[in-house]
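K.L.:
The following file, query_36.pdb, comprises PDB, C-alpha atoms:
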ATOM      1  CA  MET A   1      25.769  19.148  30.796
ATOM      2  CA  LEU A   2      23.551  22.165  30.194
ATOM      3  CA  LYS A   3      24.323  25.581  28.832
ATOM      4  CA  ILE A   4      23.741  28.236  31.464
ATOM      5  CA  TYR A   5      22.785  31.858  30.879
ATOM      6  CA  ASN A   6      22.495  35.231  32.533
ATOM      7  CA  GLU A   7      19.107  36.919  32.936
ATOM      8  CA  GLN A   8      19.389  38.411  29.438
ATOM      9  CA  MET A   9      19.627  34.841  28.017
ATOM     10  CA  THR A  10      23.283  35.287  27.032
ATOM     11  CA  SER A  11      25.312  32.092  27.325
ATOM     12  CA  ILE A  12      27.882  32.239  30.121
ATOM     13  CA  GLY A  13      29.126  28.651  30.304
ATOM     14  CA  MET A  14      28.202  25.052  31.089
ATOM     15  CA  GLU A  15      27.120  23.227  34.222
ATOM     16  CA  ASP A  16      26.051  19.758  35.282
ATOM     17  CA  LYS A  17      22.245  19.432  35.115
ATOM     18  CA  LYS A  18      22.232  18.148  38.707
ATOM     19  CA  ILE A  19      23.588  21.487  39.869
ATOM     20  CA  VAL A  20      21.530  24.009  37.881
ATOM     21  CA  HIS A  21      18.526  23.668  40.179
ATOM     22  CA  THR A  22      20.425  23.549  43.459
ATOM     23  CA  LYS A  23      22.302  26.738  42.566
ATOM     24  CA  GLY A  24      19.430  28.380  40.684
ATOM     25  CA  LEU A  25      21.258  28.811  37.368
ATOM     26  CA  TRP A  26      19.415  30.029  34.281
ATOM     27  CA  HIS A  27      18.994  27.431  31.515
ATOM     28  CA  LYS A  28      16.635  26.562  28.650
ATOM     29  CA  VAL A  29      13.860  23.982  28.545
ATOM     30  CA  PHE A  30      11.271  22.784  26.035
ATOM     31  CA  GLY A  31       7.570  22.738  26.894
ATOM     32  CA  GLY A  32       4.809  21.204  24.798
ATOM     33  CA  VAL A  33       1.057  21.814  25.096
ATOM     34  CA  LEU A  34      -0.651  18.838  23.469
ATOM     35  CA  TYR A  35      -4.071  19.582  21.957
ATOM     36  CA  ASN A  36      -6.757  17.972  19.820
ATOM     37  CA  PRO A  37      -8.551  20.635  17.716
ATOM     38  CA  LYS A  38     -11.461  18.367  16.812
ATOM     39  CA  LYS A  39     -12.301  17.440  20.394
ATOM     40  CA  LYS A  40     -11.242  20.868  21.751
ATOM     41  CA  THR A  41      -9.180  19.149  24.397
ATOM     42  CA  ILE A  42      -5.722  19.653  25.866
ATOM     43  CA  TYR A  43      -3.492  17.154  27.643
ATOM     44  CA  PHE A  44      -1.398  17.166  30.791
ATOM     45  CA  GLN A  45       0.924  14.730  32.499
ATOM     46  CA  THR A  46       1.552  13.649  36.052
ATOM     47  CA  ILE A  47       4.912  12.157  36.961
ATOM     48  CA  TYR A  48       6.363   9.545  39.261
ATOM     49  CA  PRO A  49       8.665  10.997  41.961
ATOM     50  CA  LYS A  50      12.061  11.987  40.543
ATOM     51  CA  GLU A  51      15.369  11.297  42.270
ATOM     52  CA  SER A  52      16.512  14.741  41.107
ATOM     53  CA  TYR A  53      13.835  16.469  43.221
ATOM     54  CA  THR A  54      15.188  17.578  46.588
ATOM     55  CA  PHE A  55      11.694  18.323  47.879
ATOM     56  CA  GLU A  56       8.351  16.563  48.090
ATOM     57  CA  ARG A  57       6.410  17.587  45.000
ATOM     58  CA  GLU A  58       2.623  17.415  45.079
ATOM     59  CA  ASP A  59       0.810  15.359  42.429
ATOM     60  CA  TYR A  60       0.339  18.307  40.087
ATOM     61  CA  ILE A  61      -0.865  18.144  36.506
ATOM     62  CA  ASP A  62       1.646  19.788  34.189
ATOM     63  CA  PHE A  63       2.341  20.274  30.513
ATOM     64  CA  ALA A  64       2.190  17.066  28.506
ATOM     65  CA  VAL A  65       5.825  17.372  27.386
ATOM     66  CA  GLY A  66       8.769  19.131  28.981
ATOM     67  CA  GLY A  67      12.478  18.847  29.638
ATOM     68  CA  HIS A  68      15.938  20.365  29.530
ATOM     69  CA  ILE A  69      17.534  21.436  26.267
ATOM     70  CA  GLU A  70      20.885  19.644  26.257
ATOM     71  CA  ASP A  71      24.120  21.454  25.426
ATOM     72  CA  ASP A  72      24.364  20.010  21.905
ATOM     73  CA  GLU A  73      20.677  20.492  20.975
ATOM     74  CA  CYS A  74      18.615  23.221  19.411
ATOM     75  CA  VAL A  75      15.083  23.782  20.732
ATOM     76  CA  ILE A  76      13.461  21.684  17.993
ATOM     77  CA  GLU A  77      15.836  18.755  18.508
ATOM     78  CA  ALA A  78      15.183  18.826  22.236
ATOM     79  CA  GLY A  79      11.431  18.942  21.632
ATOM     80  CA  LYS A  80      11.482  15.936  19.329
ATOM     81  CA  ARG A  81      13.529  13.967  21.850
ATOM     82  CA  GLU A  82      11.285  14.891  24.778
ATOM     83  CA  ILE A  83       8.119  14.027  22.844
ATOM     84  CA  LYS A  84       9.548  10.621  21.958
ATOM     85  CA  GLU A  85      10.739   9.952  25.507
ATOM     86  CA  GLU A  86       7.680  11.112  27.432
ATOM     87  CA  LEU A  87       4.883  10.144  25.034
ATOM     88  CA  GLY A  88       6.533   7.280  23.157
ATOM     89  CA  PHE A  89       5.593   8.534  19.697
ATOM     90  CA  ASP A  90       6.495  11.312  17.244
ATOM     91  CA  ILE A  91       4.601  14.472  16.307
ATOM     92  CA  ASP A  92       5.416  15.924  12.889
ATOM     93  CA  GLU A  93       7.031  19.345  13.093
ATOM     94  CA  LYS A  94       4.353  20.755  10.760
ATOM     95  CA  ASP A  95       1.913  20.249  13.640
ATOM     96  CA  TRP A  96       3.920  22.450  16.020
ATOM     97  CA  SER A  97       3.042  26.100  16.706
ATOM     98  CA  PHE A  98       5.411  28.347  18.672
ATOM     99  CA  LEU A  99       3.722  29.919  21.707
ATOM    100  CA  GLY A 100       6.594  32.019  23.017
ATOM    101  CA  ILE A 101       9.111  31.922  25.845
ATOM    102  CA  ARG A 102       8.099  31.898  29.491
ATOM    103  CA  ILE A 103      10.606  33.190  32.029
ATOM    104  CA  CYS A 104      10.190  31.025  35.124
ATOM    105  CA  ASN A 105      11.757  32.176  38.392
ATOM    106  CA  VAL A 106      10.379  30.242  41.359
ATOM    107  CA  ASP A 107      11.778  28.374  44.364
ATOM    108  CA  PRO A 108       9.769  25.245  45.247
ATOM    109  CA  SER A 109      12.176  24.757  48.167
ATOM    110  CA  GLU A 110      15.425  26.094  49.596
ATOM    111  CA  THR A 111      17.306  23.309  47.829
ATOM    112  CA  TYR A 112      15.510  23.399  44.467
ATOM    113  CA  LYS A 113      15.364  26.620  42.459
ATOM    114  CA  ILE A 114      13.871  27.037  38.982
ATOM    115  CA  ARG A 115      15.466  29.619  36.683
ATOM    116  CA  GLU A 116      14.291  28.652  33.222
ATOM    117  CA  PHE A 117      13.710  30.098  29.777
ATOM    118  CA  GLN A 118      10.835  27.828  28.783
ATOM    119  CA  HIS A 119      10.300  27.558  25.012
ATOM    120  CA  PHE A 120       6.669  26.584  24.503
ATOM    121  CA  TYR A 121       5.036  24.949  21.500
ATOM    122  CA  ALA A 122       1.475  23.790  20.847
ATOM    123  CA  LEU A 123       1.534  20.211  19.546
ATOM    124  CA  LYS A 124      -1.463  19.126  17.466
ATOM    125  CA  ILE A 125      -2.700  15.536  17.507
ATOM    126  CA  ASP A 126      -5.793  13.869  16.076
ATOM    127  CA  LYS A 127      -6.294  10.964  18.494
ATOM    128  CA  GLU A 128      -8.399  10.743  21.609
ATOM    129  CA  LEU A 129      -6.687   9.713  24.829
ATOM    130  CA  LYS A 130      -8.352   6.312  24.933
ATOM    131  CA  ASP A 131      -6.834   5.495  21.535
ATOM    132  CA  MET A 132      -3.250   6.587  22.307
ATOM    133  CA  ASP A 133      -0.417   4.110  22.786
ATOM    134  CA  PHE A 134       2.171   5.110  25.403
ATOM    135  CA  SER A 135       3.878   1.693  25.581
ATOM    136  CA  LYS A 136       7.179   3.104  24.275
ATOM    137  CA  SER A 137       7.290   6.053  26.684
ATOM    138  CA  ASP A 138       9.849   6.194  29.478
ATOM    139  CA  GLY A 139       9.037   5.443  33.108
ATOM    140  CA  GLU A 140       8.866   9.065  34.252
ATOM    141  CA  VAL A 141       5.281   9.829  33.232
ATOM    142  CA  LYS A 142       2.648   8.427  35.580
ATOM    143  CA  SER A 143      -0.448   9.439  33.644
ATOM    144  CA  ILE A 144      -1.774  11.538  30.785
ATOM    145  CA  ILE A 145      -4.897  13.606  31.450
ATOM    146  CA  GLU A 146      -7.348  14.899  28.843
ATOM    147  CA  VAL A 147      -9.538  17.923  29.590
ATOM    148  CA  ASP A 148     -11.803  20.255  27.659
ATOM    149  CA  ILE A 149      -9.818  23.455  27.125
ATOM    150  CA  ASP A 150     -12.683  25.727  28.220
ATOM    151  CA  ASP A 151     -13.109  23.697  31.404
ATOM    152  CA  TYR A 152      -9.402  24.007  32.165
ATOM    153  CA  LEU A 153      -9.447  27.758  31.599
ATOM    154  CA  LYS A 154     -12.318  28.045  34.070
ATOM    155  CA  LEU A 155     -10.295  26.081  36.601
ATOM    156  CA  LEU A 156      -7.165  28.176  35.991
ATOM    157  CA  THR A 157      -9.062  31.447  36.414
ATOM    158  CA  LYS A 158     -10.854  30.066  39.512
ATOM    159  CA  GLU A 159     -14.276  30.383  37.928
ATOM    160  CA  VAL A 160     -14.866  26.785  39.085
ATOM    161  CA  GLN A 161     -13.189  24.666  41.737
ATOM    162  CA  SER A 162     -13.218  21.333  39.910
ATOM    163  CA  ILE A 163     -13.691  19.853  36.442
ATOM    164  CA  LYS A 164     -14.109  16.438  34.861
ATOM    165  CA  ALA A 165     -11.328  14.785  32.866
ATOM    166  CA  ASN A 166     -10.187  11.506  31.355
ATOM    167  CA  GLU A 167      -6.972   9.888  32.538
ATOM    168  CA  MET A 168      -4.659   7.192  31.193
ATOM    169  CA  VAL A 169      -2.665   5.763  34.104
ATOM    170  CA  LEU A 170       0.631   4.157  33.039
ATOM    171  CA  ASP A 171       2.399   1.371  34.881
ATOM    172  CA  LYS A 172       5.935   2.527  35.718
ATOM    173  CA  VAL A 173       7.616  -0.623  34.388
ATOM    174  CA  SER A 174       5.373  -2.188  31.739
ATOM    175  CA  ARG A 175       3.974   1.169  30.509
ATOM    176  CA  CYS A 176       0.609  -0.510  30.070
ATOM    177  CA  GLY A 177      -2.193   2.030  30.307
ATOM    178  CA  LYS A 178      -5.443   1.892  32.251
ATOM    179  CA  TYR A 179      -8.067   4.310  30.945
ATOM    180  CA  ALA A 180     -10.186   6.085  33.558
ATOM    181  CA  PRO A 181     -12.961   8.326  32.189
ATOM    182  CA  ASN A 182     -14.740  11.110  34.025
ATOM    183  CA  VAL A 183     -12.301  11.647  36.897
ATOM    184  CA  THR A 184     -12.456  14.814  38.995
ATOM    185  CA  LEU A 185      -9.663  17.404  38.929
ATOM    186  CA  THR A 186      -9.574  20.153  41.521
ATOM    187  CA  GLY A 187      -7.757  23.464  41.382
ATOM    188  CA  SER A 188      -5.230  22.162  43.912
ATOM    189  CA  ARG A 189      -3.758  19.969  41.162
ATOM    190  CA  ILE A 190      -2.570  22.999  39.157
ATOM    191  CA  VAL A 191       1.054  24.053  39.708
ATOM    192  CA  PRO A 192       0.689  26.994  42.156
ATOM    193  CA  ASP A 193       2.683  29.611  40.226
ATOM    194  CA  TYR A 194       0.516  29.031  37.144
ATOM    195  CA  TYR A 195      -2.223  30.939  38.943
ATOM    196  CA  THR A 196      -0.100  34.065  39.303
ATOM    197  CA  ASP A 197       1.877  34.029  36.043
ATOM    198  CA  LYS A 198      -0.169  35.717  33.301
ATOM    199  CA  SER A 199       2.052  34.200  30.614
ATOM    200  CA  ILE A 200       0.638  30.758  31.438
ATOM    201  CA  LEU A 201      -2.911  31.947  30.781
ATOM    202  CA  GLU A 202      -1.710  33.590  27.568
ATOM    203  CA  LYS A 203      -0.219  30.285  26.372
ATOM    204  CA  PHE A 204      -3.505  28.461  26.829
ATOM    205  CA  LEU A 205      -5.503  31.233  25.206
ATOM    206  CA  ALA A 206      -3.131  30.986  22.244
ATOM    207  CA  VAL A 207      -3.820  27.252  22.039
ATOM    208  CA  LYS A 208      -7.553  27.936  22.161
ATOM    209  CA  SER A 209      -7.150  30.297  19.184
ATOM    210  CA  LEU A 210      -5.625  27.387  17.240
ATOM    211  CA  ILE A 211      -8.665  25.264  18.039
ATOM    212  CA  LEU A 212     -11.353  27.772  16.993
TER     213      LEU A 212
END
Written as structure tokens, that's how I'd like the structure from this file.

P.N.:
Amino acid sequence: MLKIYNEQMTSIGMEDKKIVHTKGLWHKVFGGVLYNPKKKTIYFQTIYPKESYTFEREDYIDFAVGGHIEDDECVIEAGKREIKEELGFDIDEKDWSFLGIRICNVDPSETYKIREFQHFYALKIDKELKDMDFSKSDGEVKSIIEVDIDDYLKLLTKEVQSIKANEMVLDKVSRCGKYAPNVTLTGSRIVPDYYTDKSILEKFLAVKSLIL
């Protein structure tokens, strides 16, 4: 069950998580932007198709960590759980930086509506992608992608049409990773509404300020 809210983020009740997106009910989620300040890189994830999706989702790159805040959780508790589930390891809370709340109101399809208060944090790590172990992550994440933050910003602002990245592809069952350096990412891999929502750009610029 998830807590649901009105547009002013006032709690108005509870609803099954399977219903919140079909009815377009406001709820809270955690979002984590993973970054390495030494390498000046940020990380994204791709996912295997979800049964909960009622539409065909393109193979977008998205934030490295994200998920619903359950009814009995605070934001921090939800973040720690999502990090553990999706990455398979922990990130100390001292390495978190709050980036703000994004209000997301989009309809990927007639049967799937997103009404979310997205609580974003920057999550600092000190390892390169090729040295990360995702063997204890769940089977939802298909790959983790590492990009230079300046390159990504150029892609997001359409200054360039493609960039180079490193990718760790994870087997759905074994979670064994296959490292692929120097892959090409095009602008079509970015979630479409990220191009039009200025708050997304602001989040990444805030992460860049943590790196400098």

K.L.:
Starting from the shown file, work through the PyMOL selection byres ((chain A and resi 63) around 10) and note down what comes out as a list in words.

P.N.:
Gly31, Gly32, Val33, Leu34, Ile42, Tyr43, Phe44, Gln45, Thr46, Tyr60, Ile61, Asp62, Ala64, Val65, Gly66, Phe120, Ile144 and Ile145 of chain A

K.L.:
Mind checking which residues fall within 12 Å of Asp197 of chain A, counting all atoms listed in the file, ignoring those fewer than 6 positions away in the same chain, and posting them as number ranges by chain?

P.N.:
A: 102-106, 156-157, 191, 203

K.L.:
Find the residue from A:Gly177, A:Gly139, A:Gly187, A:Gly24 that sits nearest to Gln161 of chain A; use only C-alpha atoms when measuring.

P.N.:
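Between A:Gly177, A:Gly139, A:Gly187, A:Gly24, the residue approaching Gln161 of chain A most closely is A:Gly187.
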
K.L.:
Evaluate the PyMOL selection byres ((chain A and resi 147) around 8) here and jot the selected residues down as number ranges by chain.

P.N.:
A: 41-43, 145-146, 148-149, 151-152, 164-166

K.L.:
Choose the residue, out of A:Lys136, A:Lys124, A:His68, A:Arg57, that has the smallest atom-to-atom separation from Glu85 of chain A; count only C-alpha atoms.

P.N.:
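Using only C-alpha atoms, the shortest distance to Glu85 of chain A belongs to A:Lys136.
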
K.L.:
Tell me which residues the PyMOL selection byres ((chain A and resi 169-172) around 12) grabs here, as a VMD selection string.

P.N.:
chain A and resid 44 to 49 86 to 88 129 to 130 132 to 146 166 to 168 173 to 181 183

K.L.:
Those same residues, written as a PDB file, keeping the file's coordinate frame with C-alpha atoms?

P.N.:
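To be explicit, this is the file written out as selection.pdb:
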ATOM      1  CA  PHE A  44      -1.398  17.166  30.791  1.00  0.00           C
ATOM      2  CA  GLN A  45       0.924  14.730  32.499  1.00  0.00           C
ATOM      3  CA  THR A  46       1.552  13.649  36.052  1.00  0.00           C
ATOM      4  CA  ILE A  47       4.912  12.157  36.961  1.00  0.00           C
ATOM      5  CA  TYR A  48       6.363   9.545  39.261  1.00  0.00           C
ATOM      6  CA  PRO A  49       8.665  10.997  41.961  1.00  0.00           C
ATOM      7  CA  GLU A  86       7.680  11.112  27.432  1.00  0.00           C
ATOM      8  CA  LEU A  87       4.883  10.144  25.034  1.00  0.00           C
ATOM      9  CA  GLY A  88       6.533   7.280  23.157  1.00  0.00           C
ATOM     10  CA  LEU A 129      -6.687   9.713  24.829  1.00  0.00           C
ATOM     11  CA  LYS A 130      -8.352   6.312  24.933  1.00  0.00           C
ATOM     12  CA  MET A 132      -3.250   6.587  22.307  1.00  0.00           C
ATOM     13  CA  ASP A 133      -0.417   4.110  22.786  1.00  0.00           C
ATOM     14  CA  PHE A 134       2.171   5.110  25.403  1.00  0.00           C
ATOM     15  CA  SER A 135       3.878   1.693  25.581  1.00  0.00           C
ATOM     16  CA  LYS A 136       7.179   3.104  24.275  1.00  0.00           C
ATOM     17  CA  SER A 137       7.290   6.053  26.684  1.00  0.00           C
ATOM     18  CA  ASP A 138       9.849   6.194  29.478  1.00  0.00           C
ATOM     19  CA  GLY A 139       9.037   5.443  33.108  1.00  0.00           C
ATOM     20  CA  GLU A 140       8.866   9.065  34.252  1.00  0.00           C
ATOM     21  CA  VAL A 141       5.281   9.829  33.232  1.00  0.00           C
ATOM     22  CA  LYS A 142       2.648   8.427  35.580  1.00  0.00           C
ATOM     23  CA  SER A 143      -0.448   9.439  33.644  1.00  0.00           C
ATOM     24  CA  ILE A 144      -1.774  11.538  30.785  1.00  0.00           C
ATOM     25  CA  ILE A 145      -4.897  13.606  31.450  1.00  0.00           C
ATOM     26  CA  GLU A 146      -7.348  14.899  28.843  1.00  0.00           C
ATOM     27  CA  ASN A 166     -10.187  11.506  31.355  1.00  0.00           C
ATOM     28  CA  GLU A 167      -6.972   9.888  32.538  1.00  0.00           C
ATOM     29  CA  MET A 168      -4.659   7.192  31.193  1.00  0.00           C
ATOM     30  CA  VAL A 173       7.616  -0.623  34.388  1.00  0.00           C
ATOM     31  CA  SER A 174       5.373  -2.188  31.739  1.00  0.00           C
ATOM     32  CA  ARG A 175       3.974   1.169  30.509  1.00  0.00           C
ATOM     33  CA  CYS A 176       0.609  -0.510  30.070  1.00  0.00           C
ATOM     34  CA  GLY A 177      -2.193   2.030  30.307  1.00  0.00           C
ATOM     35  CA  LYS A 178      -5.443   1.892  32.251  1.00  0.00           C
ATOM     36  CA  TYR A 179      -8.067   4.310  30.945  1.00  0.00           C
ATOM     37  CA  ALA A 180     -10.186   6.085  33.558  1.00  0.00           C
ATOM     38  CA  PRO A 181     -12.961   8.326  32.189  1.00  0.00           C
ATOM     39  CA  VAL A 183     -12.301  11.647  36.897  1.00  0.00           C
TER      40      VAL A 183
END

K.L.:
From the list A:Ile91, A:Leu205, A:Leu99, A:Met9, which residue is nearest Phe117 of chain A when using only C-alpha atoms?

P.N.:
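Answer, going by the shortest atom-to-atom distance: A:Met9.
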
K.L.:
May I have the residues within 6 Å of Tyr5 of chain A as a VMD selection string, using all atoms listed in the file and disregarding those fewer than 3 positions away in the same chain?

P.N.:
chain A and resid 9 to 12 26 to 27

K.L.:
Ranking A:Ser109, A:Ser162, A:Thr184, A:Gln118 by minimum distance to Lys28 of chain A and counting only C-alpha atoms, which one comes first?

P.N.:
A:Gln118

K.L.:
Can you list, as a PyMOL selection string, every protein, DNA or RNA residue that comes within 6 Å of segment 69-83 of chain A when you count all atoms listed in the file, leaving out same-chain residues fewer than 5 positions away?

P.N.:
chain A and resi 2-3+28-30

K.L.:
Output the selection as an mmCIF file, in the coordinates of the input - C-alpha atoms for each residue.

P.N.:
data_model
loop_
_atom_site.group_PDB
_atom_site.id
_atom_site.type_symbol
_atom_site.label_atom_id
_atom_site.label_comp_id
_atom_site.auth_asym_id
_atom_site.auth_seq_id
_atom_site.Cartn_x
_atom_site.Cartn_y
_atom_site.Cartn_z
ATOM 1 C CA LEU A 2 23.551 22.165 30.194
ATOM 2 C CA LYS A 3 24.323 25.581 28.832
ATOM 3 C CA LYS A 28 16.635 26.562 28.650
ATOM 4 C CA VAL A 29 13.860 23.982 28.545
ATOM 5 C CA PHE A 30 11.271 22.784 26.035
#

K.L.:
Please indicate the distance in Å from atom CA of Arg115 of chain A to atom CA of Phe89 of chain A, rounded to one decimal place.

P.N.:
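Going from atom CA of Arg115 of chain A over to atom CA of Phe89 of chain A covers 28.8 Å.
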
K.L.:
One decimal, Å: what's the distance from atom CA of Tyr195 of chain A over to atom CA of Glu159 of chain A, could you say?

P.N.:
12.1 Å

K.L.:
Using all atoms listed in the file, list the residues that have an atom at most 10 Å from (4.0, 22.1, 12.1), coordinates as in the file, as a list in words.

P.N.:
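Those within range, by chain then number, are Ile91, Asp92, Glu93, Lys94, Asp95, Trp96, Ser97, Phe98, Tyr121, Ala122, Leu123 and Lys124 of chain A.
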
K.L.:
Using C-alpha atoms, can you write the selected residues to a file as an mmCIF file, in the coordinates of the input?

P.N.:
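Output file part30.cif follows:
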data_model
loop_
_atom_site.group_PDB
_atom_site.id
_atom_site.type_symbol
_atom_site.label_atom_id
_atom_site.label_comp_id
_atom_site.auth_asym_id
_atom_site.auth_seq_id
_atom_site.Cartn_x
_atom_site.Cartn_y
_atom_site.Cartn_z
ATOM 1 C CA ILE A 91 4.601 14.472 16.307
ATOM 2 C CA ASP A 92 5.416 15.924 12.889
ATOM 3 C CA GLU A 93 7.031 19.345 13.093
ATOM 4 C CA LYS A 94 4.353 20.755 10.760
ATOM 5 C CA ASP A 95 1.913 20.249 13.640
ATOM 6 C CA TRP A 96 3.920 22.450 16.020
ATOM 7 C CA SER A 97 3.042 26.100 16.706
ATOM 8 C CA PHE A 98 5.411 28.347 18.672
ATOM 9 C CA TYR A 121 5.036 24.949 21.500
ATOM 10 C CA ALA A 122 1.475 23.790 20.847
ATOM 11 C CA LEU A 123 1.534 20.211 19.546
ATOM 12 C CA LYS A 124 -1.463 19.126 17.466
#

K.L.:
How many Å lie between atom CA of Leu153 of chain A and atom CA of Asp131 of chain A, rounded to one decimal?

P.N.:
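Computed distance, atom CA of Leu153 of chain A to atom CA of Asp131 of chain A, equals 24.6 Å.
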